[in-house]
file start_34.txt (compact mmCIF, C-alpha atoms)
# COMPACT_ATOMS: atom_id res chain seq x y z
CA MET Q 183 38.23 17.13 103.50
CA GLU Q 184 39.74 14.34 101.46
CA LYS Q 185 37.11 14.80 98.81
CA ASN Q 186 38.13 18.42 98.54
CA THR Q 187 41.75 17.51 97.94
CA VAL Q 188 40.80 15.12 95.18
CA THR Q 189 38.66 17.77 93.52
CA ASN Q 190 41.50 20.29 93.69
CA ASN Q 191 43.98 17.91 92.11
CA ARG Q 192 41.67 16.97 89.31
CA PRO Q 193 42.59 18.61 86.03
CA HIS Q 194 39.86 20.96 84.96
CA TYR Q 195 38.60 20.02 81.53
CA ILE Q 196 35.70 21.48 79.63
CA ASN Q 197 32.54 19.43 79.21
CA PRO Q 198 33.26 16.82 76.50
CA TYR Q 199 30.01 17.53 74.66
CA LEU Q 200 30.85 21.24 74.61
CA GLY Q 201 34.31 20.31 73.32
CA GLY Q 202 32.67 18.18 70.63
CA VAL Q 203 30.29 20.94 69.54
CA LEU Q 204 33.18 23.42 69.33
CA LEU Q 205 35.28 20.92 67.38
CA GLY Q 206 32.38 20.20 65.00
CA LEU Q 207 31.85 23.93 64.42
CA LEU Q 208 35.59 24.31 63.81
CA VAL Q 209 35.49 21.57 61.16
CA ILE Q 210 32.60 23.40 59.44
CA LEU Q 211 34.44 26.73 59.65
CA THR Q 212 37.64 25.19 58.29
CA VAL Q 213 35.86 23.60 55.33
CA TYR Q 214 33.83 26.78 54.78
CA ILE Q 215 36.99 28.88 54.53
CA THR Q 216 39.49 26.52 52.93
CA GLY Q 217 37.40 23.86 51.21
CA ARG Q 218 39.15 21.12 53.16
CA GLY Q 219 39.30 19.79 56.68
CA LEU Q 220 41.76 19.85 59.55
CA GLY Q 221 44.83 17.65 59.66
CA ALA Q 222 47.86 16.75 61.75
CA SER Q 223 50.05 13.97 60.36
CA GLY Q 224 50.67 15.93 57.14
CA ALA Q 225 52.95 18.35 58.95
CA VAL Q 226 55.30 15.58 60.07
CA LYS Q 227 55.31 14.25 56.52
CA SER Q 228 56.40 17.70 55.34
CA ALA Q 229 59.15 17.65 57.96
CA VAL Q 230 60.36 14.25 56.70
CA VAL Q 231 60.26 15.42 53.07
CA THR Q 232 62.17 18.60 53.97
CA THR Q 233 64.80 16.73 55.98
CA VAL Q 234 65.49 14.21 53.23
CA ASP Q 235 65.50 16.98 50.63
CA VAL Q 236 68.06 19.00 52.60
CA VAL Q 237 70.29 16.13 53.77
CA ALA Q 238 70.22 14.06 50.59
CA PRO Q 239 68.59 15.99 47.70
CA LYS Q 240 69.41 13.31 45.14
CA SER Q 241 67.81 10.53 47.11
CA ALA Q 242 64.78 12.77 47.72
CA GLU Q 243 64.33 13.27 43.99
CA SER Q 244 64.71 9.59 43.21
CA ASN Q 245 62.35 8.46 45.95
CA PRO Q 246 58.95 7.96 44.32
CA TYR Q 247 57.08 8.95 47.50
CA ILE Q 248 59.10 11.93 48.70
CA SER Q 249 59.47 13.41 45.21
CA LYS Q 250 55.65 13.74 45.04
CA PHE Q 251 55.82 16.45 47.68
CA ILE Q 252 58.84 18.42 46.44
CA SER Q 253 58.14 21.57 44.51
CA ASP Q 254 60.62 23.88 42.82
CA ASP Q 255 59.01 27.14 43.89
CA HIS Q 256 58.72 26.66 47.64
CA SER Q 257 60.01 24.59 50.56
CA PRO Q 258 57.93 21.55 51.54
CA MET Q 259 57.55 23.23 54.94
CA TYR Q 260 55.62 26.07 53.32
CA THR Q 261 52.34 24.20 53.33
CA TRP Q 262 48.97 24.78 54.94
CA LEU Q 263 49.20 21.80 57.31
CA VAL Q 264 52.58 22.86 58.72
CA PHE Q 265 51.19 26.25 59.74
CA GLU Q 266 48.01 24.66 61.04
CA SER Q 267 50.00 22.15 63.11
CA MET Q 268 52.13 24.94 64.59
CA GLY Q 269 48.78 26.42 65.56
CA ILE Q 270 47.76 23.13 67.25
CA PHE Q 271 50.88 23.36 69.41
CA PHE Q 272 50.28 26.99 70.36
CA GLY Q 273 46.57 26.39 70.93
CA GLY Q 274 47.43 23.52 73.26
CA LEU Q 275 49.92 25.73 75.07
CA LEU Q 276 47.35 28.51 75.41
CA SER Q 277 44.77 26.15 76.89
CA GLY Q 278 47.42 24.57 79.13
CA ILE Q 279 48.43 27.99 80.48
CA LEU Q 280 44.81 29.05 80.95
CA PHE Q 281 43.86 25.90 82.88
CA GLY Q 282 47.18 25.66 84.74
CA ARG Q 283 48.40 22.41 83.20
CA VAL Q 284 51.78 23.48 81.83
CA LYS Q 285 54.55 21.75 83.77
CA LYS Q 286 58.25 21.03 83.58
CA PRO Q 287 58.96 18.05 81.31
CA TRP Q 288 57.51 14.87 82.79
CA VAL Q 289 56.24 11.46 81.73
CA GLU Q 290 52.62 10.53 82.29
CA LYS Q 291 52.13 6.81 82.81
CA SER Q 292 50.30 4.09 84.66
CA PRO Q 293 51.86 3.39 88.08
CA LYS Q 294 52.27 -0.22 86.95
CA ILE Q 295 54.97 0.57 84.38
CA THR Q 296 58.26 2.47 84.44
CA SER Q 297 58.87 5.74 82.64
CA LYS Q 298 61.23 3.91 80.32
CA THR Q 299 58.52 1.43 79.31
CA ARG Q 300 56.10 4.28 78.69
CA LEU Q 301 58.61 6.18 76.55
CA ILE Q 302 59.46 3.11 74.48
CA ALA Q 303 55.76 2.31 73.97
CA ALA Q 304 55.13 5.93 72.97
CA LEU Q 305 58.00 5.85 70.46
CA ILE Q 306 56.84 2.56 68.90
CA GLY Q 307 53.26 3.83 68.91
CA GLY Q 308 54.37 6.95 67.07
CA ILE Q 309 56.32 4.94 64.49
CA LEU Q 310 53.29 2.74 63.79
CA PHE Q 311 50.94 5.72 63.66
CA GLY Q 312 53.31 7.44 61.24
CA ILE Q 313 53.45 4.43 58.90
CA GLY Q 314 49.70 3.78 59.14
CA SER Q 315 48.76 7.39 58.46
CA GLN Q 316 50.52 7.27 55.08
CA PHE Q 317 48.59 4.21 53.97
CA GLY Q 318 45.42 5.69 55.46
CA ARG Q 319 45.81 9.03 53.61
CA GLY Q 320 45.53 10.78 56.93
CA CYS Q 321 45.21 10.21 60.65
CA SER Q 322 42.42 10.62 63.15
CA SER Q 323 42.12 14.35 62.27
CA GLY Q 324 42.24 14.52 58.51
CA ALA Q 325 40.80 11.11 57.66
CA ALA Q 326 38.67 9.92 60.59
CA LEU Q 327 37.27 13.28 61.75
CA ALA Q 328 37.23 15.63 58.77
CA GLY Q 329 36.81 12.73 56.32
CA SER Q 330 33.82 11.23 58.10
CA ALA Q 331 32.26 14.64 58.71
CA THR Q 332 32.30 15.33 54.97
CA PHE Q 333 30.67 11.92 54.36
CA SER Q 334 33.80 10.50 52.67
CA LEU Q 335 33.68 6.71 52.38
CA GLY Q 336 37.41 6.50 53.08
CA GLY Q 337 37.05 8.70 56.16
CA VAL Q 338 34.40 6.42 57.65
CA ILE Q 339 36.52 3.34 56.82
CA VAL Q 340 39.51 4.85 58.64
CA MET Q 341 37.35 5.78 61.64
CA LEU Q 342 35.84 2.30 61.95
CA ALA Q 343 39.05 0.34 61.28
CA LEU Q 344 41.17 2.55 63.54
CA PHE Q 345 38.91 2.40 66.58
CA GLY Q 346 37.86 -1.19 65.81
CA THR Q 347 41.51 -2.30 65.88
CA GLY Q 348 42.01 -0.38 69.10
CA TYR Q 349 39.22 -2.30 70.79
CA ALA Q 350 40.33 -5.63 69.31
CA ILE Q 351 43.88 -5.38 70.65
CA ALA Q 352 43.45 -3.24 73.80
CA TRP Q 353 43.29 -6.28 76.08
CA PHE Q 354 46.84 -7.34 75.14
CA PHE Q 355 48.29 -3.96 76.12
CA LYS Q 356 46.25 -3.53 79.28
CA LYS Q 357 49.30 -3.22 81.50
CA LEU Q 358 50.41 -0.05 79.77
CA TRP Q 359 47.32 1.78 81.00
CA ILE Q 360 45.49 0.15 83.91
CA MET T 157 29.74 31.84 48.88
CA GLY T 158 31.78 29.11 50.52
CA PRO T 159 34.29 27.59 50.35
CA LEU T 160 35.90 31.03 50.52
CA ILE T 161 39.48 30.32 49.42
CA PRO T 162 38.67 27.96 46.49
CA ASN T 163 36.05 30.47 45.32
CA GLY T 164 38.62 33.27 45.40
CA ILE T 165 36.81 35.33 48.06
CA ILE T 166 39.86 35.17 50.33
CA THR T 167 43.16 35.33 48.46
CA GLY T 168 46.89 35.74 48.83
CA ASN T 169 48.94 35.16 51.91
CA TRP T 170 46.01 35.10 54.30
CA ASP T 171 46.07 31.38 53.70
CA PHE T 172 48.80 30.71 56.25
CA VAL T 173 47.50 33.18 58.81
CA ILE T 174 44.16 31.40 58.63
CA ALA T 175 45.92 28.04 58.93
CA LEU T 176 47.67 29.19 62.08
CA LEU T 177 44.47 30.58 63.63
CA LEU T 178 42.39 27.49 62.82
CA GLY T 179 45.21 25.35 64.21
CA ILE T 180 45.27 27.36 67.43
CA ALA T 181 41.53 26.83 67.85
CA PHE T 182 41.99 23.12 67.10
CA GLY T 183 44.81 22.70 69.62
CA PHE T 184 42.93 24.69 72.24
CA ILE T 185 39.83 22.50 71.95
CA LEU T 186 41.89 19.29 72.05
CA GLU T 187 43.84 20.35 75.13
CA ALA T 188 40.86 21.84 76.95
CA SER T 189 38.91 18.61 76.37
CA GLY T 190 41.67 16.56 78.02
CA PHE T 191 43.37 15.13 74.95
CA SER T 192 46.80 16.25 76.12
CA SER T 193 46.72 13.19 78.40
CA SER T 194 47.38 9.78 76.89
CA ARG T 195 45.69 8.15 79.87
CA ASN T 196 42.48 10.07 79.19
CA ILE T 197 42.61 9.02 75.55
CA ALA T 198 43.42 5.35 76.14
CA GLY T 199 40.47 5.18 78.54
CA VAL T 200 38.16 4.83 75.57
CA PHE T 201 39.56 1.33 74.97
CA TYR T 202 39.31 0.19 78.61
CA GLY T 203 36.02 1.80 79.58
CA TYR T 204 37.32 4.10 82.31
CA ASN T 205 37.14 7.30 80.30
CA PHE T 206 35.04 7.82 77.18
CA VAL T 207 35.99 11.46 76.60
CA VAL T 208 37.40 10.58 73.16
CA LEU T 209 34.14 9.02 72.04
CA ARG T 210 32.07 11.93 73.41
CA VAL T 211 34.13 14.67 71.79
CA PHE T 212 34.72 12.82 68.53
CA PHE T 213 31.14 11.66 67.91
CA THR T 214 29.68 15.02 68.93
CA ALA T 215 32.05 16.78 66.54
CA VAL T 216 31.19 14.44 63.66
CA ILE T 217 27.41 14.78 64.04
CA VAL T 218 27.57 18.55 64.53
CA ALA T 219 29.72 18.90 61.41
CA MET T 220 27.63 16.45 59.32
CA VAL T 221 24.35 18.18 60.17
CA GLY T 222 26.01 21.59 59.83
CA PHE T 223 27.23 20.83 56.31
CA LEU T 224 23.73 19.76 55.27
CA TYR T 225 22.28 23.08 56.53
CA PHE T 226 25.09 25.12 54.95
CA ASP T 227 24.36 23.34 51.68
CA TYR T 228 20.59 23.80 52.05
CA PHE T 229 20.92 27.54 52.66
CA GLY T 230 23.35 27.84 49.76
CA TRP T 231 26.23 29.02 51.96
CA LEU T 232 28.59 26.24 51.00
CA ASP T 233 28.96 24.46 47.69
CA LEU T 234 29.50 20.86 48.77
CA ASP T 235 30.63 19.97 45.24
CA LYS T 236 33.65 22.23 45.69
CA ILE T 237 34.89 20.84 49.00
CA PHE T 238 37.64 18.25 49.25
CA ILE T 239 36.40 14.70 49.66
CA LEU T 240 39.07 12.37 51.00
CA PRO T 241 39.71 9.75 48.30
CA THR T 242 39.09 6.10 49.08
CA TYR T 243 41.82 3.48 48.64
CA LEU T 244 40.05 0.50 50.14
CA GLY T 245 42.82 -1.98 51.00
CA PRO T 246 45.55 0.50 51.93
CA MET T 247 43.19 2.48 54.13
CA ILE T 248 42.09 -0.59 56.07
CA VAL T 249 45.69 -1.78 56.50
CA GLY T 250 46.82 1.73 57.43
CA SER T 251 44.06 2.07 60.01
CA VAL T 252 44.91 -1.29 61.58
CA ILE T 253 48.54 -0.15 61.90
CA MET T 254 47.34 3.17 63.34
CA GLY T 255 45.12 1.24 65.77
CA PHE T 256 48.22 -0.50 67.17
CA GLY T 257 50.00 2.85 67.34
CA PHE T 258 47.02 4.37 69.15
CA VAL T 259 46.87 1.70 71.87
CA LEU T 260 50.65 1.59 72.33
CA GLY T 261 51.23 5.33 72.16
CA GLY T 262 48.03 6.68 73.64
CA PHE T 263 48.10 9.65 71.30
CA CYS T 264 47.25 10.50 67.76
CA PRO T 265 49.36 13.10 65.92
CA GLY T 266 47.24 16.18 66.72
CA THR T 267 46.83 15.36 70.39
CA SER T 268 50.54 14.65 70.81
CA TYR T 269 51.41 18.21 69.68
CA THR T 270 49.19 19.67 72.42
CA ALA T 271 50.68 17.29 75.00
CA ILE T 272 54.22 18.39 74.10
CA ALA T 273 53.05 21.97 74.59
CA ILE T 274 52.23 21.27 78.25
CA GLY T 275 55.43 19.33 78.93
CA LYS T 276 54.73 15.63 78.29
CA MET T 277 57.91 13.79 77.32
CA ASP T 278 55.98 10.70 76.24
CA ALA T 279 54.21 12.87 73.66
CA LEU T 280 57.56 14.15 72.41
CA LEU T 281 58.73 10.56 71.91
CA PHE T 282 55.45 9.79 70.12
CA THR T 283 56.03 12.68 67.70
CA VAL T 284 59.64 11.60 67.14
CA GLY T 285 58.15 8.19 66.37
CA LEU T 286 55.80 9.75 63.81
CA PHE T 287 58.80 11.26 62.06
CA VAL T 288 60.70 7.97 62.13
CA GLY T 289 57.64 6.03 60.96
CA ILE T 290 56.97 8.31 58.00
CA PHE T 291 60.67 8.22 57.13
CA ILE T 292 60.65 4.40 57.18
CA PHE T 293 57.49 4.43 55.05
CA SER T 294 59.08 6.77 52.49
CA GLU T 295 62.30 4.80 52.22
CA ALA T 296 60.48 1.48 51.91
CA PHE T 297 57.85 2.93 49.55
CA PRO T 298 59.10 1.23 46.33
CA LEU T 299 58.44 -2.15 48.01
CA PHE T 300 54.71 -1.57 48.32
CA GLU T 301 54.06 1.17 45.77
CA ASP T 302 51.52 -0.95 43.86
CA PHE T 303 49.61 -1.77 47.03
CA TYR T 304 49.65 1.90 48.10
CA TYR T 305 47.71 2.89 44.97
CA SER T 306 45.42 -0.16 44.95
CA GLY T 307 41.69 -0.26 45.67
CA TYR T 308 41.13 3.26 44.37
CA LEU T 309 37.44 4.20 44.24
CA GLY T 310 37.84 7.94 43.69
CA ASN T 311 36.86 10.88 45.90
CA VAL T 312 33.60 9.21 46.80
CA THR T 313 31.10 9.95 49.55
CA LEU T 314 28.84 7.44 51.29
CA SER T 315 25.98 8.71 49.08
CA ASP T 316 27.98 8.19 45.86
CA VAL T 317 28.55 4.56 46.80
CA THR T 318 25.13 3.64 48.17
CA GLY T 319 22.76 6.10 46.47
CA ILE T 320 21.29 6.91 49.89
CA PRO T 321 21.05 10.69 50.55
CA ALA T 322 23.63 12.19 52.94
CA ALA T 323 20.88 13.30 55.33
CA TRP T 324 20.07 9.66 56.13
CA PHE T 325 23.67 9.00 57.06
CA ALA T 326 23.72 12.09 59.26
CA PHE T 327 20.51 10.90 60.93
CA ALA T 328 21.76 7.32 61.40
CA PHE T 329 25.06 8.54 62.76
CA THR T 330 23.29 10.87 65.20
CA VAL T 331 21.17 8.01 66.53
CA ILE T 332 24.24 5.77 66.90
CA ALA T 333 26.16 8.56 68.64
CA LEU T 334 23.36 9.33 71.11
CA ALA T 335 22.91 5.64 71.92
CA SER T 336 26.66 5.24 72.43
CA PHE T 337 26.75 8.29 74.77
CA TRP T 338 24.16 6.64 76.99
CA ILE T 339 25.65 3.13 76.92
CA THR T 340 29.22 4.31 77.55
CA MET T 341 28.02 6.44 80.46
CA LEU T 342 26.73 3.26 82.13
CA ILE T 343 29.91 1.30 81.29
CA GLU T 344 32.14 4.08 82.59
CA LYS T 345 30.32 4.17 85.94
CA ARG T 346 30.81 0.44 86.45
CA VAL T 347 34.44 0.35 85.35
CA ARG T 348 35.49 3.35 87.45
CA LYS T 349 34.34 1.61 90.64
CA ASN T 350 37.03 -1.03 90.17
CA ILE T 351 39.97 1.08 89.04
CA LYS T 352 42.30 2.68 91.52
CA GLU T 353 45.33 3.41 89.34
CA TYR T 354 43.73 6.40 87.74
CA LYS T 355 42.48 9.66 89.21
CA PHE T 356 39.20 10.86 87.81
call {"tool": "encode", "arguments": {"input": "start_34.txt", "output": "structure tokens"}}
result
Amino acid sequence: MEKNTVTNNRPHYINPYLGGVLLGLLVILTVYITGRGLGASGAVKSAVVTTVDVVAPKSAESNPYISKFISDDHSPMYTWLVFESMGIFFGGLLSGILFGRVKKPWVEKSPKITSKTRLIAALIGGILFGIGSQFGRGCSSGAALAGSATFSLGGVIVMLALFGTGYAIAWFFKKLWI
Amino acid sequence: MGPLIPNGIITGNWDFVIALLLGIAFGFILEASGFSSSRNIAGVFYGYNFVVLRVFFTAVIVAMVGFLYFDYFGWLDLDKIFILPTYLGPMIVGSVIMGFGFVLGGFCPGTSYTAIAIGKMDALLFTVGLFVGIFIFSEAFPLFEDFYYSGYLGNVTLSDVTGIPAAWFAFAFTVIALASFWITMLIEKRVRKNIKEYKF
């Protein structure tokens, strides 16, 4: 009886190897159609560029990083990765609806920490990931996954250094998770 | 043949429709595999859930081997596809910073979008953090502009650097992936026995 309850509460995920095969095929399809791989952090970069450009156009033009991504003929939001990332959101929503995982806003965390701790850690984690992805020329999607899959040296470096760092420091942040 | 858009076979505004559709497939696979949960993702670093490693390595070997076949059959011109450029120092530093972000946040950018979609507030904060982080990077950019462009090796592949054919890398990576699937399966079994804070 108890075993049944546990099984019913367990989120139903697809087999990870099936997920991996589908994701690998999607990378091939994406490169086959567009000539380049998937991405995710690029969309947030476009959002930052757009925000600075709208709020303070002069400072956007004078900033040597932001000005690289400003074009006269279209908004920085009108880029491939922004549309693709909107797709990621809707695809996640679709899967969530299909498997019954969409809920009212909540915070997922280890029982050992408070929601506040989790939210602060998530915010700091996001800030670091945002900074790192700019130096890395992409995040785990564009650099580590699509980069490695296309045999890019840089992609493999990002994959190894990203996960290697994770393993090296995980012990110190154990309390956040287990 | 491929790549279709760079070769002009698909043109015009289909670009963004395709982007949206590919993104939907991407998000669906991520969410359906369990990546909308930071606790599933972080498990890869603590040994209680290796779903990240399984999905990621499987995807990389499927894509690597797939590209070789597509090239062999003449369906895809590998010379025309985008190869991520290598900036040695900045990429290592960036990945170390991302590694900290990964362990603290439990998400990467793509997975956090899918987690927001199903209602996770921690994912929303993570994405806000991404925005803040990239903003900080942009504003501080003049301070490390030289470093940002340093260590440039070009848009090089593993084969360009070593002279070893891509097929050997695909083969080596497949062997490593299969071995890691087996080893992590054993580790996961042992670790799960001792963890009660997490429902499997």
call {"tool": "residues_near_point", "arguments": {"input": "start_34.txt", "point": "(56.1, 14.8, 57.4)", "cutoff": "10 Å", "atoms": "all atoms listed in the file", "output": "list in words"}}
result
Ala222, Ser223, Gly224, Ala225, Val226, Lys227, Ser228, Ala229, Val230, Val231, Thr232, Thr233, Ile248, Phe251, Pro258, Met259, Leu263, Val264, Gly312 and Gln316 of chain Q; Leu286, Phe287, Val288, Gly289, Ile290, Phe291 and Ser294 of chain T
call {"tool": "residues_around", "arguments": {"input": "start_34.txt", "residues": "segment 201-204 of chain Q", "least_positions_apart": "3", "cutoff": "10 Å", "atoms": "all atoms listed in the file", "output": "PyMOL selection string"}}
result
(chain Q and resi 195-198+207-210) or (chain T and resi 181-182+184-190+207-219)
call {"tool": "residues_around", "arguments": {"input": "start_34.txt", "residues": "segment 341-343 of chain T", "least_positions_apart": "3", "cutoff": "12 Å", "atoms": "only C-alpha atoms", "output": "mmCIF file with C-alpha atoms, in the coordinates of the input"}}
result
data_model
loop_
_atom_site.group_PDB
_atom_site.id
_atom_site.type_symbol
_atom_site.label_atom_id
_atom_site.label_comp_id
_atom_site.auth_asym_id
_atom_site.auth_seq_id
_atom_site.Cartn_x
_atom_site.Cartn_y
_atom_site.Cartn_z
ATOM 1 C CA GLY T 199 40.470 5.180 78.540
ATOM 2 C CA VAL T 200 38.160 4.830 75.570
ATOM 3 C CA PHE T 201 39.560 1.330 74.970
ATOM 4 C CA TYR T 202 39.310 0.190 78.610
ATOM 5 C CA GLY T 203 36.020 1.800 79.580
ATOM 6 C CA TYR T 204 37.320 4.100 82.310
ATOM 7 C CA ASN T 205 37.140 7.300 80.300
ATOM 8 C CA PHE T 206 35.040 7.820 77.180
ATOM 9 C CA VAL T 207 35.990 11.460 76.600
ATOM 10 C CA LEU T 209 34.140 9.020 72.040
ATOM 11 C CA ARG T 210 32.070 11.930 73.410
ATOM 12 C CA LEU T 334 23.360 9.330 71.110
ATOM 13 C CA ALA T 335 22.910 5.640 71.920
ATOM 14 C CA SER T 336 26.660 5.240 72.430
ATOM 15 C CA PHE T 337 26.750 8.290 74.770
ATOM 16 C CA TRP T 338 24.160 6.640 76.990
ATOM 17 C CA ARG T 346 30.810 0.440 86.450
ATOM 18 C CA VAL T 347 34.440 0.350 85.350
ATOM 19 C CA ARG T 348 35.490 3.350 87.450
ATOM 20 C CA LYS T 349 34.340 1.610 90.640
ATOM 21 C CA ASN T 350 37.030 -1.030 90.170
#
call {"tool": "atom_distance", "arguments": {"input": "start_34.txt", "atom1": "atom CA of Ile309 of chain Q", "atom2": "atom CA of Gly262 of chain T"}}
result
12.5 Å
call {"tool": "atom_distance", "arguments": {"input": "start_34.txt", "atom1": "atom CA of Gly221 of chain Q", "atom2": "atom CA of Asp235 of chain T"}}
result
20.4 Å
call {"tool": "atom_distance", "arguments": {"input": "start_34.txt", "atom1": "atom CA of Gly307 of chain Q", "atom2": "atom CA of Val284 of chain T"}}
result
10.2 Å
call {"tool": "residues_around", "arguments": {"input": "start_34.txt", "residues": "Met157 of chain T", "least_positions_apart": "2", "cutoff": "12 Å", "atoms": "all atoms listed in the file", "output": "MDAnalysis selection string"}}
result
(chainID Q and resid 214:217) or (chainID T and resid 159:166 226:227 229:234 236)
call {"tool": "closest_residue", "arguments": {"input": "start_34.txt", "among": "Q:Thr299, Q:Ser292, Q:Ser253, Q:Ser244", "to": "chain T", "atoms": "all atoms listed in the file"}}
result
Q:Ser292
call {"tool": "residues_near_point", "arguments": {"input": "start_34.txt", "point": "(36.9, 8.8, 56.1)", "cutoff": "9 Å", "atoms": "all atoms listed in the file", "output": "ChimeraX atom specification"}}
result
/Q:320,324-342 /T:239-242,313
call {"tool": "closest_residue", "arguments": {"input": "start_34.txt", "among": "Q:Leu310, Q:Ala303, Q:Ser322, Q:Phe317", "to": "Lys357 of chain Q", "atoms": "only C-alpha atoms"}}
result
Q:Ala303
call {"tool": "residues_around", "arguments": {"input": "start_34.txt", "residues": "segment 279-291 of chain Q", "least_positions_apart": "4", "cutoff": "9 Å", "atoms": "all atoms listed in the file", "output": "PyMOL selection string"}}
result
(chain Q and resi 193-195+274-275+295-297+300-301+358-359) or (chain T and resi 188+193-195+272-279)
